[in-house]
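Read through the structure below, which is laid out as structure tokens, and then see the notes.
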Amino acid sequence: MAQNSSNNLVVTKATAALNQMKYEVAQELGISIPQDGYQGNMTSYENGSLGGYITKRLVTLAEQQLAGQFK
């Protein structure tokens with residue numbers, strides 16, 4: 001059975017950058033990600049905040065990139 005997930009990276013080389021961003025945002029929010037990387041024991045609030053801020057940052061980066069293209 002084929003897996004249909006929207007969580008597949010379009011640019012697979014971006015994995016390291018996204019992981020780095022996750023740890024940076026977590027540090028800014030005061031959220032500690034376990035050393036083993038398993039986030040299952042984190043609260044929904046922590047995971048939601050982390051995902052929300054990452055999305056906000058990615059949108060900001062995309063807006064800046066698009067603004068540079070249309071000057």
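Every chain in the structure tokens has a letter given in the order shown (A, B, ...), and although residue numbers restart at 1 in each chain, ligands are simply numbered from 1 in the order shown.
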List the spatial neighbours of segment 50-64 of chain A as a count of residues only - criterion: any atom at most 9 Å away, only C-alpha atoms, same-chain residues fewer than 2 positions off excluded.
15
Please report, as a ChimeraX atom specification, each residue of segment 17-57 of chain A to which DSSP assigns alpha helix (DSSP H) when run on this structure's backbone.
/A:17-29,44-57
Write out the residues from the selection above, keeping N, CA, C and O atoms, as a short mmCIF file (atom, residue, chain, number, x, y, z; two decimals), in the first residue's frame.
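Saved result, result.cif, follows:
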```cif
data_model
loop_
_atom_site.label_atom_id
_atom_site.label_comp_id
_atom_site.auth_asym_id
_atom_site.auth_seq_id
_atom_site.Cartn_x
_atom_site.Cartn_y
_atom_site.Cartn_z
N ALA A 17 19.09 21.43 7.29
CA ALA A 17 18.74 22.81 7.60
C ALA A 17 17.45 22.88 8.41
O ALA A 17 17.35 23.68 9.35
N LEU A 18 16.48 22.04 8.08
CA LEU A 18 15.23 22.03 8.83
C LEU A 18 15.43 21.52 10.26
O LEU A 18 14.84 22.04 11.20
N ASN A 19 16.27 20.51 10.41
CA ASN A 19 16.58 20.02 11.76
C ASN A 19 17.28 21.08 12.58
O ASN A 19 16.99 21.27 13.77
N GLN A 20 18.21 21.80 11.96
CA GLN A 20 18.92 22.87 12.66
C GLN A 20 17.92 23.95 13.08
O GLN A 20 17.98 24.46 14.20
N MET A 21 17.00 24.30 12.19
CA MET A 21 16.00 25.31 12.51
C MET A 21 15.12 24.85 13.66
O MET A 21 14.77 25.64 14.55
N LYS A 22 14.78 23.57 13.70
CA LYS A 22 13.96 23.03 14.77
C LYS A 22 14.64 23.24 16.12
O LYS A 22 14.01 23.70 17.08
N TYR A 23 15.94 22.95 16.19
CA TYR A 23 16.65 23.10 17.45
C TYR A 23 16.84 24.57 17.82
O TYR A 23 16.77 24.94 18.99
N GLU A 24 17.04 25.44 16.83
CA GLU A 24 17.16 26.87 17.10
C GLU A 24 15.86 27.44 17.65
O GLU A 24 15.87 28.18 18.64
N VAL A 25 14.76 27.09 17.02
CA VAL A 25 13.45 27.59 17.46
C VAL A 25 13.13 27.04 18.85
O VAL A 25 12.64 27.77 19.71
N ALA A 26 13.41 25.77 19.08
CA ALA A 26 13.16 25.18 20.40
C ALA A 26 13.95 25.92 21.47
O ALA A 26 13.41 26.21 22.55
N GLN A 27 15.19 26.25 21.18
CA GLN A 27 16.01 26.97 22.15
C GLN A 27 15.43 28.37 22.41
O GLN A 27 15.35 28.81 23.55
N GLU A 28 14.98 29.06 21.36
CA GLU A 28 14.38 30.38 21.52
C GLU A 28 13.12 30.32 22.37
O GLU A 28 12.84 31.25 23.14
N LEU A 29 12.35 29.24 22.24
CA LEU A 29 11.10 29.10 22.99
C LEU A 29 11.31 28.49 24.38
O LEU A 29 10.36 28.38 25.15
N SER A 44 1.57 18.50 23.70
CA SER A 44 0.98 18.98 22.44
C SER A 44 1.25 20.47 22.28
O SER A 44 1.50 20.94 21.17
N TYR A 45 1.22 21.20 23.38
CA TYR A 45 1.47 22.64 23.34
C TYR A 45 2.90 22.91 22.85
O TYR A 45 3.12 23.78 22.01
N GLU A 46 3.86 22.16 23.39
CA GLU A 46 5.26 22.36 22.98
C GLU A 46 5.45 22.03 21.51
O GLU A 46 6.06 22.80 20.77
N ASN A 47 4.93 20.89 21.08
CA ASN A 47 5.07 20.49 19.68
C ASN A 47 4.34 21.46 18.75
O ASN A 47 4.84 21.80 17.68
N GLY A 48 3.16 21.92 19.16
CA GLY A 48 2.41 22.87 18.35
C GLY A 48 3.11 24.20 18.24
O GLY A 48 3.16 24.80 17.16
N SER A 49 3.66 24.67 19.36
CA SER A 49 4.41 25.93 19.34
C SER A 49 5.63 25.83 18.45
O SER A 49 5.92 26.72 17.66
N LEU A 50 6.32 24.73 18.58
CA LEU A 50 7.52 24.50 17.77
C LEU A 50 7.18 24.49 16.28
O LEU A 50 7.80 25.21 15.48
N GLY A 51 6.17 23.73 15.91
CA GLY A 51 5.75 23.68 14.51
C GLY A 51 5.24 25.01 14.00
O GLY A 51 5.53 25.40 12.86
N GLY A 52 4.51 25.72 14.83
CA GLY A 52 3.97 27.02 14.43
C GLY A 52 5.05 28.04 14.17
O GLY A 52 5.01 28.77 13.17
N TYR A 53 6.04 28.10 15.06
CA TYR A 53 7.12 29.06 14.87
C TYR A 53 8.02 28.69 13.70
O TYR A 53 8.53 29.57 13.00
N ILE A 54 8.22 27.40 13.46
CA ILE A 54 9.00 26.98 12.30
C ILE A 54 8.27 27.39 11.03
O ILE A 54 8.88 27.94 10.10
N THR A 55 6.97 27.17 10.98
CA THR A 55 6.18 27.57 9.81
C THR A 55 6.24 29.07 9.61
O THR A 55 6.43 29.55 8.48
N LYS A 56 6.11 29.82 10.68
CA LYS A 56 6.18 31.28 10.59
C LYS A 56 7.53 31.73 10.02
O LYS A 56 7.60 32.60 9.15
N ARG A 57 8.59 31.11 10.49
CA ARG A 57 9.92 31.47 10.01
C ARG A 57 10.11 31.09 8.54
O ARG A 57 10.69 31.84 7.76
#
```
